[in-house]
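K.L.:
Data file input_18.pdb (PDB, C-alpha atoms and all ligand atoms) is appended below.
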```
ATOM      1  CA  MET A   1      48.470  -7.061   7.681  1.00  0.00           C
ATOM      2  CA  THR A   2      50.507  -7.045   4.536  1.00  0.00           C
ATOM      3  CA  GLY A   3      48.914 -10.291   3.355  1.00  0.00           C
ATOM      4  CA  ASN A   4      50.958 -12.613   1.198  1.00  0.00           C
ATOM      5  CA  PHE A   5      52.842  -9.874  -0.544  1.00  0.00           C
ATOM      6  CA  PRO A   6      56.284 -10.530   1.002  1.00  0.00           C
ATOM      7  CA  GLN A   7      55.931 -14.262   0.426  1.00  0.00           C
ATOM      8  CA  VAL A   8      55.056 -13.743  -3.229  1.00  0.00           C
ATOM      9  CA  VAL A   9      57.925 -11.285  -3.630  1.00  0.00           C
ATOM     10  CA  LEU A  10      60.450 -13.580  -2.027  1.00  0.00           C
ATOM     11  CA  ARG A  11      59.553 -16.364  -4.441  1.00  0.00           C
ATOM     12  CA  GLU A  12      60.305 -14.287  -7.501  1.00  0.00           C
ATOM     13  CA  ARG A  13      63.336 -15.260  -9.549  1.00  0.00           C
ATOM     14  CA  PHE A  14      65.768 -13.038 -11.436  1.00  0.00           C
ATOM     15  CA  ASP A  15      67.506 -15.211 -14.082  1.00  0.00           C
ATOM     16  CA  TRP A  16      70.703 -15.246 -12.020  1.00  0.00           C
ATOM     17  CA  ILE A  17      70.941 -17.335  -8.861  1.00  0.00           C
ATOM     18  CA  ALA A  18      73.219 -14.595  -7.457  1.00  0.00           C
ATOM     19  CA  LEU A  19      70.399 -12.055  -7.806  1.00  0.00           C
ATOM     20  CA  ASP A  20      67.855 -14.470  -6.344  1.00  0.00           C
ATOM     21  CA  PHE A  21      70.171 -14.784  -3.372  1.00  0.00           C
ATOM     22  CA  VAL A  22      70.898 -11.067  -2.883  1.00  0.00           C
ATOM     23  CA  ASN A  23      67.198 -10.309  -3.314  1.00  0.00           C
ATOM     24  CA  THR A  24      66.117 -12.486  -0.394  1.00  0.00           C
ATOM     25  CA  THR A  25      65.200  -9.497   1.717  1.00  0.00           C
ATOM     26  CA  VAL A  26      62.440  -7.021   1.037  1.00  0.00           C
ATOM     27  CA  LEU A  27      61.121  -3.965   2.845  1.00  0.00           C
ATOM     28  CA  THR A  28      57.419  -3.764   3.646  1.00  0.00           C
ATOM     29  CA  ARG A  29      55.318  -1.282   5.580  1.00  0.00           C
ATOM     30  CA  SER A  30      55.688  -3.441   8.676  1.00  0.00           C
ATOM     31  CA  GLY A  31      59.463  -3.767   8.367  1.00  0.00           C
ATOM     32  CA  THR A  32      61.967  -5.983   6.643  1.00  0.00           C
ATOM     33  CA  VAL A  33      61.014  -9.480   5.575  1.00  0.00           C
ATOM     34  CA  ASP A  34      64.021 -11.700   5.226  1.00  0.00           C
ATOM     35  CA  ALA A  35      63.902 -15.163   3.656  1.00  0.00           C
ATOM     36  CA  LEU A  36      67.235 -15.905   5.337  1.00  0.00           C
ATOM     37  CA  GLU A  37      66.165 -14.811   8.802  1.00  0.00           C
ATOM     38  CA  THR A  38      66.488 -18.195  10.496  1.00  0.00           C
ATOM     39  CA  ALA A  39      68.586 -21.218   9.559  1.00  0.00           C
ATOM     40  CA  THR A  40      65.386 -23.166   8.852  1.00  0.00           C
ATOM     41  CA  GLN A  41      63.998 -20.481   6.548  1.00  0.00           C
ATOM     42  CA  PHE A  42      67.326 -20.226   4.766  1.00  0.00           C
ATOM     43  CA  PHE A  43      67.517 -23.970   4.276  1.00  0.00           C
ATOM     44  CA  ALA A  44      64.002 -23.999   2.856  1.00  0.00           C
ATOM     45  CA  TRP A  45      65.037 -21.204   0.492  1.00  0.00           C
ATOM     46  CA  MET A  46      68.055 -23.190  -0.723  1.00  0.00           C
ATOM     47  CA  GLU A  47      65.883 -26.281  -1.240  1.00  0.00           C
ATOM     48  CA  ARG A  48      63.517 -24.254  -3.386  1.00  0.00           C
ATOM     49  CA  ALA A  49      66.136 -22.239  -5.266  1.00  0.00           C
ATOM     50  CA  THR A  50      68.518 -25.205  -5.748  1.00  0.00           C
ATOM     51  CA  PRO A  51      71.709 -23.328  -6.649  1.00  0.00           C
ATOM     52  CA  PRO A  52      74.231 -25.306  -8.749  1.00  0.00           C
ATOM     53  CA  GLY A  53      75.793 -28.110  -6.736  1.00  0.00           C
ATOM     54  CA  TRP A  54      73.245 -27.922  -3.926  1.00  0.00           C
ATOM     55  CA  ARG A  55      72.638 -31.673  -3.991  1.00  0.00           C
ATOM     56  CA  ASP A  56      76.381 -32.372  -3.569  1.00  0.00           C
ATOM     57  CA  LEU A  57      77.113 -29.559  -1.150  1.00  0.00           C
ATOM     58  CA  ARG A  58      74.093 -29.585   1.152  1.00  0.00           C
ATOM     59  CA  PRO A  59      75.381 -30.023   4.736  1.00  0.00           C
ATOM     60  CA  GLU A  60      73.636 -32.620   6.866  1.00  0.00           C
ATOM     61  CA  GLY A  61      74.461 -31.898  10.516  1.00  0.00           C
ATOM     62  CA  LEU A  62      72.942 -29.027  12.476  1.00  0.00           C
ATOM     63  CA  PRO A  63      76.279 -27.282  13.336  1.00  0.00           C
ATOM     64  CA  ASP A  64      77.277 -27.259   9.658  1.00  0.00           C
ATOM     65  CA  ARG A  65      73.864 -25.946   8.665  1.00  0.00           C
ATOM     66  CA  ARG A  66      74.250 -23.135  11.185  1.00  0.00           C
ATOM     67  CA  THR A  67      77.688 -22.263   9.805  1.00  0.00           C
ATOM     68  CA  LEU A  68      76.234 -22.206   6.306  1.00  0.00           C
ATOM     69  CA  HIS A  69      73.474 -19.870   7.454  1.00  0.00           C
ATOM     70  CA  VAL A  70      75.815 -17.427   9.231  1.00  0.00           C
ATOM     71  CA  GLU A  71      78.144 -17.308   6.228  1.00  0.00           C
ATOM     72  CA  ALA A  72      75.192 -16.831   3.880  1.00  0.00           C
ATOM     73  CA  VAL A  73      74.049 -13.697   5.702  1.00  0.00           C
ATOM     74  CA  HIS A  74      77.591 -12.233   5.589  1.00  0.00           C
ATOM     75  CA  LEU A  75      78.040 -13.156   1.986  1.00  0.00           C
ATOM     76  CA  ARG A  76      74.754 -11.595   0.963  1.00  0.00           C
ATOM     77  CA  MET A  77      76.076  -8.242   2.234  1.00  0.00           C
ATOM     78  CA  ALA A  78      79.366  -8.706   0.391  1.00  0.00           C
ATOM     79  CA  MET A  79      77.529  -9.571  -2.822  1.00  0.00           C
ATOM     80  CA  ASP A  80      75.316  -6.524  -2.407  1.00  0.00           C
ATOM     81  CA  ARG A  81      78.438  -4.355  -2.123  1.00  0.00           C
ATOM     82  CA  LEU A  82      79.883  -6.040  -5.207  1.00  0.00           C
ATOM     83  CA  LEU A  83      76.764  -5.174  -7.240  1.00  0.00           C
ATOM     84  CA  GLU A  84      76.748  -1.668  -5.795  1.00  0.00           C
ATOM     85  CA  ALA A  85      80.368  -1.115  -6.847  1.00  0.00           C
ATOM     86  CA  ARG A  86      79.809  -2.508 -10.341  1.00  0.00           C
ATOM     87  CA  ALA A  87      76.649  -0.486 -10.949  1.00  0.00           C
ATOM     88  CA  ALA A  88      78.522   2.664  -9.843  1.00  0.00           C
ATOM     89  CA  ARG A  89      81.637   1.601 -11.804  1.00  0.00           C
ATOM     90  CA  SER A  90      83.696   2.088  -8.662  1.00  0.00           C
ATOM     91  CA  SER A  91      86.292  -0.271  -7.268  1.00  0.00           C
ATOM     92  CA  VAL A  92      85.327  -3.078  -4.927  1.00  0.00           C
ATOM     93  CA  ASP A  93      86.564  -2.617  -1.350  1.00  0.00           C
ATOM     94  CA  GLN A  94      89.080  -5.018   0.158  1.00  0.00           C
ATOM     95  CA  ALA A  95      86.693  -6.510   2.747  1.00  0.00           C
ATOM     96  CA  THR A  96      84.305  -7.481  -0.046  1.00  0.00           C
ATOM     97  CA  VAL A  97      87.080  -8.967  -2.174  1.00  0.00           C
ATOM     98  CA  HIS A  98      88.253 -10.941   0.842  1.00  0.00           C
ATOM     99  CA  ALA A  99      84.750 -12.284   1.590  1.00  0.00           C
ATOM    100  CA  LEU A 100      84.253 -13.403  -2.014  1.00  0.00           C
ATOM    101  CA  GLN A 101      87.739 -14.842  -2.241  1.00  0.00           C
ATOM    102  CA  ARG A 102      87.149 -16.988   0.859  1.00  0.00           C
ATOM    103  CA  ALA A 103      83.826 -18.271  -0.399  1.00  0.00           C
ATOM    104  CA  ILE A 104      85.020 -19.424  -3.823  1.00  0.00           C
ATOM    105  CA  GLY A 105      87.539 -21.673  -2.075  1.00  0.00           C
ATOM    106  CA  TRP A 106      84.859 -23.538  -0.137  1.00  0.00           C
ATOM    107  CA  ALA A 107      83.992 -25.910  -2.978  1.00  0.00           C
ATOM    108  CA  ARG A 108      86.169 -27.845  -5.404  1.00  0.00           C
ATOM    109  CA  THR A 109      84.863 -28.768  -8.809  1.00  0.00           C
ATOM    110  CA  SER A 110      85.694 -31.473 -11.301  1.00  0.00           C
ATOM    111  CA  ARG A 111      84.256 -31.879 -14.755  1.00  0.00           C
ATOM    112  CA  ASP A 112      83.224 -34.976 -16.618  1.00  0.00           C
ATOM    113  CA  LEU A 113      82.221 -35.656 -20.154  1.00  0.00           C
ATOM    114  CA  GLU A 114      78.887 -37.373 -20.360  1.00  0.00           C
ATOM    115  CA  VAL A 115      78.353 -39.191 -23.624  1.00  0.00           C
ATOM    116  CA  GLY A 116      74.790 -40.115 -24.529  1.00  0.00           C
ATOM    117  CA  ALA A 117      73.538 -42.908 -26.809  1.00  0.00           C
ATOM    118  CA  HIS A 118      72.436 -40.614 -29.651  1.00  0.00           C
ATOM    119  CA  GLY A 119      75.585 -38.600 -30.235  1.00  0.00           C
ATOM    120  CA  THR A 120      74.899 -36.208 -27.396  1.00  0.00           C
ATOM    121  CA  VAL A 121      77.869 -35.008 -25.381  1.00  0.00           C
ATOM    122  CA  ALA A 122      77.637 -32.793 -22.325  1.00  0.00           C
ATOM    123  CA  ILE A 123      79.927 -31.564 -19.567  1.00  0.00           C
ATOM    124  CA  THR A 124      78.743 -32.202 -16.040  1.00  0.00           C
ATOM    125  CA  THR A 125      80.289 -30.395 -13.098  1.00  0.00           C
ATOM    126  CA  ARG A 126      80.685 -32.207  -9.811  1.00  0.00           C
ATOM    127  CA  TYR A 127      81.168 -30.321  -6.577  1.00  0.00           C
ATOM    128  CA  GLU A 128      83.065 -31.345  -3.480  1.00  0.00           C
ATOM    129  CA  ALA A 129      82.704 -29.456  -0.199  1.00  0.00           C
ATOM    130  CA  VAL A 130      85.846 -28.357   1.641  1.00  0.00           C
ATOM    131  CA  HIS A 131      83.900 -26.161   4.120  1.00  0.00           C
ATOM    132  CA  PRO A 132      80.413 -26.393   5.689  1.00  0.00           C
ATOM    133  CA  ALA A 133      79.355 -23.318   3.707  1.00  0.00           C
ATOM    134  CA  ALA A 134      80.527 -24.787   0.372  1.00  0.00           C
ATOM    135  CA  ALA A 135      77.030 -24.462  -1.103  1.00  0.00           C
ATOM    136  CA  LEU A 136      77.616 -20.700  -1.302  1.00  0.00           C
ATOM    137  CA  ALA A 137      80.622 -20.997  -3.626  1.00  0.00           C
ATOM    138  CA  PRO A 138      78.603 -21.602  -6.823  1.00  0.00           C
ATOM    139  CA  ILE A 139      76.417 -18.587  -5.950  1.00  0.00           C
ATOM    140  CA  VAL A 140      79.541 -16.430  -5.740  1.00  0.00           C
ATOM    141  CA  ASP A 141      80.723 -17.842  -9.085  1.00  0.00           C
ATOM    142  CA  ASP A 142      77.422 -16.726 -10.547  1.00  0.00           C
ATOM    143  CA  ALA A 143      77.778 -13.225  -9.045  1.00  0.00           C
ATOM    144  CA  ILE A 144      81.249 -12.897 -10.578  1.00  0.00           C
ATOM    145  CA  ARG A 145      79.936 -14.028 -13.974  1.00  0.00           C
ATOM    146  CA  LEU A 146      77.123 -11.527 -13.630  1.00  0.00           C
ATOM    147  CA  VAL A 147      79.314  -8.486 -12.921  1.00  0.00           C
ATOM    148  CA  ALA A 148      81.747  -9.586 -15.633  1.00  0.00           C
ATOM    149  CA  SER A 149      79.068  -9.877 -18.293  1.00  0.00           C
ATOM    150  CA  ALA A 150      76.260  -7.432 -17.486  1.00  0.00           C
ATOM    151  CA  ASP A 151      76.387  -3.855 -18.698  1.00  0.00           C
ATOM    152  CA  PRO A 152      76.789  -1.838 -15.461  1.00  0.00           C
ATOM    153  CA  ALA A 153      74.280   0.699 -16.778  1.00  0.00           C
ATOM    154  CA  ARG A 154      71.699  -2.080 -16.843  1.00  0.00           C
ATOM    155  CA  LEU A 155      72.486  -3.465 -13.436  1.00  0.00           C
ATOM    156  CA  ARG A 156      70.249  -1.572 -11.043  1.00  0.00           C
ATOM    157  CA  ARG A 157      68.064  -1.579  -7.992  1.00  0.00           C
ATOM    158  CA  CYS A 158      64.317  -1.510  -8.231  1.00  0.00           C
ATOM    159  CA  ARG A 159      62.906   2.005  -8.201  1.00  0.00           C
ATOM    160  CA  ALA A 160      59.779   1.083  -6.208  1.00  0.00           C
ATOM    161  CA  ASP A 161      59.536   2.356  -2.644  1.00  0.00           C
ATOM    162  CA  ALA A 162      60.199  -0.355  -0.107  1.00  0.00           C
ATOM    163  CA  CYS A 163      62.125  -2.491  -2.580  1.00  0.00           C
ATOM    164  CA  LEU A 164      65.869  -2.568  -2.881  1.00  0.00           C
ATOM    165  CA  ARG A 165      66.100  -5.587  -5.124  1.00  0.00           C
ATOM    166  CA  TRP A 166      68.582  -5.853  -7.947  1.00  0.00           C
ATOM    167  CA  PHE A 167      67.826  -6.754 -11.522  1.00  0.00           C
ATOM    168  CA  VAL A 168      69.490  -6.725 -14.915  1.00  0.00           C
ATOM    169  CA  ASP A 169      67.467  -4.720 -17.387  1.00  0.00           C
ATOM    170  CA  THR A 170      67.263  -6.828 -20.532  1.00  0.00           C
ATOM    171  CA  SER A 171      64.506  -4.722 -22.108  1.00  0.00           C
ATOM    172  CA  LYS A 172      65.066  -3.286 -25.575  1.00  0.00           C
ATOM    173  CA  GLY A 173      65.041   0.341 -24.493  1.00  0.00           C
ATOM    174  CA  GLY A 174      66.975  -0.285 -21.295  1.00  0.00           C
ATOM    175  CA  ARG A 175      64.603   1.855 -19.243  1.00  0.00           C
ATOM    176  CA  ARG A 176      63.035  -0.721 -16.961  1.00  0.00           C
ATOM    177  CA  ALA A 177      62.428   0.701 -13.495  1.00  0.00           C
ATOM    178  CA  TRP A 178      61.118  -2.254 -11.513  1.00  0.00           C
ATOM    179  CA  CYS A 179      62.598  -5.557 -10.502  1.00  0.00           C
ATOM    180  CA  SER A 180      59.351  -7.308 -11.388  1.00  0.00           C
ATOM    181  CA  MET A 181      56.273  -6.221 -13.285  1.00  0.00           C
ATOM    182  CA  THR A 182      54.100  -8.698 -11.387  1.00  0.00           C
ATOM    183  CA  THR A 183      54.722  -7.146  -8.002  1.00  0.00           C
ATOM    184  CA  CYS A 184      56.556  -3.805  -7.904  1.00  0.00           C
ATOM    185  CA  GLY A 185      55.514  -2.703 -11.396  1.00  0.00           C
ATOM    186  CA  ASN A 186      51.846  -3.393 -10.757  1.00  0.00           C
ATOM    187  CA  ARG A 187      51.937  -1.796  -7.343  1.00  0.00           C
ATOM    188  CA  ALA A 188      53.538   1.350  -8.750  1.00  0.00           C
ATOM    189  CA  LYS A 189      50.968   1.496 -11.552  1.00  0.00           C
ATOM    190  CA  ALA A 190      48.113   1.042  -9.071  1.00  0.00           C
ATOM    191  CA  THR A 191      49.509   3.839  -6.870  1.00  0.00           C
ATOM    192  CA  ARG A 192      49.784   6.159  -9.870  1.00  0.00           C
ATOM    193  CA  TYR A 193      46.262   5.279 -10.958  1.00  0.00           C
ATOM    194  CA  ARG A 194      44.866   5.981  -7.476  1.00  0.00           C
ATOM    195  CA  ALA A 195      46.702   9.301  -7.263  1.00  0.00           C
ATOM    196  CA  ARG A 196      45.338  10.376 -10.655  1.00  0.00           C
ATOM    197  CA  HIS A 197      41.840   9.296  -9.665  1.00  0.00           C
ATOM    198  CA  GLU A 198      41.968  11.169  -6.379  1.00  0.00           C
ATOM    199  CA  ARG A 199      43.210  14.309  -8.137  1.00  0.00           C
ATOM    200  CA  GLN A 200      40.388  14.106 -10.666  1.00  0.00           C
ATOM    201  CA  GLY A 201      37.868  13.345  -7.906  1.00  0.00           C
ATOM    202  CA  GLY A 202      39.091  16.342  -5.906  1.00  0.00           C
ATOM    203  CA  ALA A 203      38.884  18.652  -8.922  1.00  0.00           C
ATOM    204  CA  ALA A 204      35.286  17.636  -9.743  1.00  0.00           C
TER     205      ALA A 204
HETATM  206 ZN    ZN B 301      61.011  -4.235  -6.733  1.00  0.00          ZN
END
```
Let me see the structure of the file written as structure tokens.
P.N.:
Amino acid sequence: MTGNFPQVVLRERFDWIALDFVNTTVLTRSGTVDALETATQFFAWMERATPPGWRDLRPEGLPDRRTLHVEAVHLRMAMDRLLEARAARSSVDQATVHALQRAIGWARTSRDLEVGAHGTVAITTRYEAVHPAAALAPIVDDAIRLVASADPARLRRCRADACLRWFVDTSKGGRRAWCSMTTCGNRAKATRYRARHERQGGAA
């Protein structure tokens, strides 16, 4: 048994909703654990992650929820390829561009000025679905903002075995190796510690 490890891992967040979304699958010793495996699991993930506009764009009927799920799985692959291309500073392939292009058209937005009683002014964005999978559009927006703003040298996959998750290294030195210190970082440190211990034990 792998215990709760995959569940803990799949609840970790990465500052960008796009990364949270791409990182919804993780490799373990007993195979891949995928938070988007079934429509129900995916829906639960969206409820927890609440991407922008989720309240407005959440589909109600079962057929629409299924469409959203199928599109989500496709889009996750396209977003992975987008990150891959950006990190390698290579051009994005046409199929990926097409997938992203489609998805951004699934939701329409309008903006309102919200004026508070104490001189506060804020812009609120309202979303309107034009496709059952509209809830994915704001996640794509976030992915585009991410690749436009992050230094490609700091956009990388986790170096731990059995983890392919993406992260943006915001550390001062820019030499972070793991997506998360709590899980992958600690596991890697524990493995190193054990190896050192065994070597010392063997030498004694
Ligand atoms: Zn990791």
K.L.:
Residues picked by the PyMOL selection byres (((chain A and resi 99) around 12) and not hetatm) here, as an NGL selection string?
P.N.:
:A and (71-82 or 92-98 or 100-106 or 136-137 or 140)
K.L.:
Could you save the residues just selected, with C-alpha atoms, as an mmCIF file, keeping the file's coordinate frame?
P.N.:
```
data_model
loop_
_atom_site.group_PDB
_atom_site.id
_atom_site.type_symbol
_atom_site.label_atom_id
_atom_site.label_comp_id
_atom_site.auth_asym_id
_atom_site.auth_seq_id
_atom_site.Cartn_x
_atom_site.Cartn_y
_atom_site.Cartn_z
ATOM 1 C CA GLU A 71 78.144 -17.308 6.228
ATOM 2 C CA ALA A 72 75.192 -16.831 3.880
ATOM 3 C CA VAL A 73 74.049 -13.697 5.702
ATOM 4 C CA HIS A 74 77.591 -12.233 5.589
ATOM 5 C CA LEU A 75 78.040 -13.156 1.986
ATOM 6 C CA ARG A 76 74.754 -11.595 0.963
ATOM 7 C CA MET A 77 76.076 -8.242 2.234
ATOM 8 C CA ALA A 78 79.366 -8.706 0.391
ATOM 9 C CA MET A 79 77.529 -9.571 -2.822
ATOM 10 C CA ASP A 80 75.316 -6.524 -2.407
ATOM 11 C CA ARG A 81 78.438 -4.355 -2.123
ATOM 12 C CA LEU A 82 79.883 -6.040 -5.207
ATOM 13 C CA VAL A 92 85.327 -3.078 -4.927
ATOM 14 C CA ASP A 93 86.564 -2.617 -1.350
ATOM 15 C CA GLN A 94 89.080 -5.018 0.158
ATOM 16 C CA ALA A 95 86.693 -6.510 2.747
ATOM 17 C CA THR A 96 84.305 -7.481 -0.046
ATOM 18 C CA VAL A 97 87.080 -8.967 -2.174
ATOM 19 C CA HIS A 98 88.253 -10.941 0.842
ATOM 20 C CA LEU A 100 84.253 -13.403 -2.014
ATOM 21 C CA GLN A 101 87.739 -14.842 -2.241
ATOM 22 C CA ARG A 102 87.149 -16.988 0.859
ATOM 23 C CA ALA A 103 83.826 -18.271 -0.399
ATOM 24 C CA ILE A 104 85.020 -19.424 -3.823
ATOM 25 C CA GLY A 105 87.539 -21.673 -2.075
ATOM 26 C CA TRP A 106 84.859 -23.538 -0.137
ATOM 27 C CA LEU A 136 77.616 -20.700 -1.302
ATOM 28 C CA ALA A 137 80.622 -20.997 -3.626
ATOM 29 C CA VAL A 140 79.541 -16.430 -5.740
#
```
K.L.:
Using all atoms listed in the file, which residue out of A:Ala117, A:Leu146, A:Cys184, A:Leu83 lies closest to ligand ZN 301 (chain B)?
P.N.:
A:Cys184
K.L.:
Could you list the protein, DNA and RNA residues that have any atom within 10 Å of ligand ZN 301 (chain B), counting only C-alpha atoms and all ligand atoms, and write them as a compact mmCIF listing (two decimals) with C-alpha atoms, keeping the file's coordinate frame?
P.N.:
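Result saved to result-v6.txt:
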```
# COMPACT_ATOMS: atom_id res chain seq x y z
CA VAL A 9 57.92 -11.28 -3.63
CA ASN A 23 67.20 -10.31 -3.31
CA VAL A 26 62.44 -7.02 1.04
CA LEU A 27 61.12 -3.96 2.84
CA ARG A 157 68.06 -1.58 -7.99
CA CYS A 158 64.32 -1.51 -8.23
CA ARG A 159 62.91 2.00 -8.20
CA ALA A 160 59.78 1.08 -6.21
CA ASP A 161 59.54 2.36 -2.64
CA ALA A 162 60.20 -0.36 -0.11
CA CYS A 163 62.12 -2.49 -2.58
CA LEU A 164 65.87 -2.57 -2.88
CA ARG A 165 66.10 -5.59 -5.12
CA TRP A 166 68.58 -5.85 -7.95
CA PHE A 167 67.83 -6.75 -11.52
CA ALA A 177 62.43 0.70 -13.50
CA TRP A 178 61.12 -2.25 -11.51
CA CYS A 179 62.60 -5.56 -10.50
CA SER A 180 59.35 -7.31 -11.39
CA MET A 181 56.27 -6.22 -13.28
CA THR A 182 54.10 -8.70 -11.39
CA THR A 183 54.72 -7.15 -8.00
CA CYS A 184 56.56 -3.80 -7.90
CA GLY A 185 55.51 -2.70 -11.40
CA ARG A 187 51.94 -1.80 -7.34
CA ALA A 188 53.54 1.35 -8.75
```
K.L.:
Here is a test: counting all atoms listed in the file, which residue of A:Ala150, A:Ala133, A:Ala195, A:Ala44 is nearest to Arg66 in chain A?
P.N.:
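Ranked by minimum distance to Arg66 in chain A, first place goes to A:Ala133.
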K.L.:
Give me the residues near Pro52 in chain A as a list in words, where near means some atom within 10 Å (using all atoms listed in the file) and where sequence neighbours in that chain fewer than 6 positions away do not count.
P.N.:
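Answer for this query is Ile17, Thr125, Arg126, Tyr127, Ala135, Leu136, Ala137, Pro138, Ile139, Asp141 and Asp142 of chain A.
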K.L.:
One decimal, Å: what's the distance from CA of Gly53 in chain A over to CA of Ala134 in chain A, could you say?
P.N.:
9.2 Å
K.L.:
Mind giving me the straight-line distance from CA of Leu36 in chain A to CA of Asn186 in chain A in Å, one decimal?
P.N.:
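Computing the Euclidean distance for CA of Leu36 in chain A and CA of Asn186 in chain A yields 25.5 Å.
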K.L.:
Mind checking which residues fall within 9 Å of Ala122 in chain A, counting all atoms listed in the file, ignoring those fewer than 3 positions away in the same chain, and posting them as a count of residues only?
P.N.:
5
K.L.:
Record the distance separating CA of His69 in chain A and CA of Phe42 in chain A, expressed in Å with one decimal.
P.N.:
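Computing the Euclidean distance for CA of His69 in chain A and CA of Phe42 in chain A yields 6.7 Å.
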